Amino acid sequence: METFERFKFNSRLPFDPGLLKQEHGIDIDDQTLIGLSQYQECWTTDEYVYRILTTEEIREMLDFLQDLACHRGICPLLTDDQSNYIGLYTDGPLRDKVCYLDHEETDLSPGFRHMERFVEKSLQTPGTEWDRLERDYPVVSDRDEQHEHSVHDLKVIQEIDQRLLQEELDEDDMQQLIFAKLTIMPYAESEQICRYLTSDDMFIQEKAVILLRKRNYTAAARSLFEVAKNGMHNGRMAAIFALKQFRTEESKRLLKELEAVLPKPYFT
């Protein structure tokens, strides 16, 4: 892009991309900057949930996050001013994808393939919070998926798998990589999520159950029955909820079996 054009849309932003690159080695691509500039042009305090951060605010957040292994490679760019942030992956297998930094619960799974998609959806419904935006991930139906996206996501998953083999990987970093892997898993590969139903990490097990429920992946009913019967607390509760939502003859039969062996509070 011509220098003048780059300056033109950079000047609309509250932060300086050049300083971020110089000071932190963060190189934000032109398409992301154009999308954020469009967002900034439309942004009003009363109408929009998220505002773009200033250079100083980004610096402060990067300094705060630098000691958290699982947050490395994420640059916070927007906030709701309630200590929650929209972050851009700037490094690693998830580069260019967009995630949500929740101050109450850490799940750095991507929600959008790239910043332009977040901007597009936010401009359509500016008063909508992250959880209610129409996001790219997780894919919950084969109708939501294009072939080229599936191919790309499988390549990203392969890169994540390579990263997971690293012996020095931090435990929290490993958990977040698995969260991301399960979240971007193409619908046709849903069976791969089932492998994580036996994880000894309570939150990974729960995440796998929730994603299978959102996909309405009824083929996993028997596996979810085992989680509900023998899994950890979070997984158990999520598995029972999933079986209730499936509403198939098999899931109804499995729920009756569970009612005979589990305490009543699990069903109330």
# chains A, B, ... in the order shown; residues from 1 in each chain; ligands from 1

$ residues_around --residues "Glu56 in chain A" --least-positions-apart "4" --cutoff "12 Å" --atoms "only C-alpha atoms" --output "NGL selection string"
:A and (14-17 or 19-20 or 23 or 52 or 60-63 or 76-77)

$ residues_around --residues "Tyr48 in chain A" --least-positions-apart "2" --cutoff "10 Å" --atoms "only C-alpha atoms" --output "list in words"
Tyr39, Cys42, Trp43, Thr44, Thr45, Asp46, Tyr50, Arg51, Asp80, Ser122, Leu123, Thr125, Pro126, Gly127, Thr128 and Glu129 of chain A

$ select_by_dssp --residues "range 80-209 of chain A" --states "strand (DSSP E or B)" --output "count of residues only"
12

$ residues_around --residues "Phe112 in chain A" --least-positions-apart "4" --cutoff "7 Å" --atoms "only C-alpha atoms" --output "PyMOL selection string"
chain A and resi 97-98+117-118+135-137

$ residues_around --residues "Gly111 in chain A" --least-positions-apart "2" --cutoff "10 Å" --atoms "only C-alpha atoms" --output "list in words"
Ile86, Lys97, Val98, Cys99, Tyr100, Leu108, Ser109, Arg113, His114, Met115, Arg117, Phe118, Trp130, Asp131, Leu133, Glu134, Arg135, Asp136, Tyr137, Pro138, Val139, Ala180, Thr183 and Ile184 of chain A

$ residues_around --residues "Lys252 in chain A" --least-positions-apart "2" --cutoff "12 Å" --atoms "only C-alpha atoms" --output "VMD selection string"
chain A and resid 218 221 to 222 225 240 to 250 254 to 259

$ residues_around --residues "range 233-237 of chain A" --least-positions-apart "6" --cutoff "9 Å" --atoms "only C-alpha atoms" --output "list of chain:residue names"
A:Leu197, A:Met202, A:Phe203, A:Ile204, A:Gln205, A:Glu206, A:Lys207, A:Ala208, A:Val209, A:Ile210, A:Leu224, A:Phe225, A:Glu226, A:Val227, A:Tyr266, A:Phe267

$ atom_distance --atom1 "CA of Asp142 in chain A" --atom2 "CA of Tyr187 in chain A"
5.6 Å

$ closest_residue --among "A:Asn84, A:Asp91, A:Thr198, A:Gln66" --to "Glu105 in chain A" --atoms "only C-alpha atoms"
A:Asn84

$ closest_residue --among "A:Ser37, A:Arg253, A:His24, A:Gln124" --to "Arg59 in chain A" --atoms "only C-alpha atoms"
A:His24

$ closest_residue --among "A:Leu101, A:Ile74, A:Leu165, A:Ala188" --to "Asp153 in chain A" --atoms "only C-alpha atoms"
A:Ala188
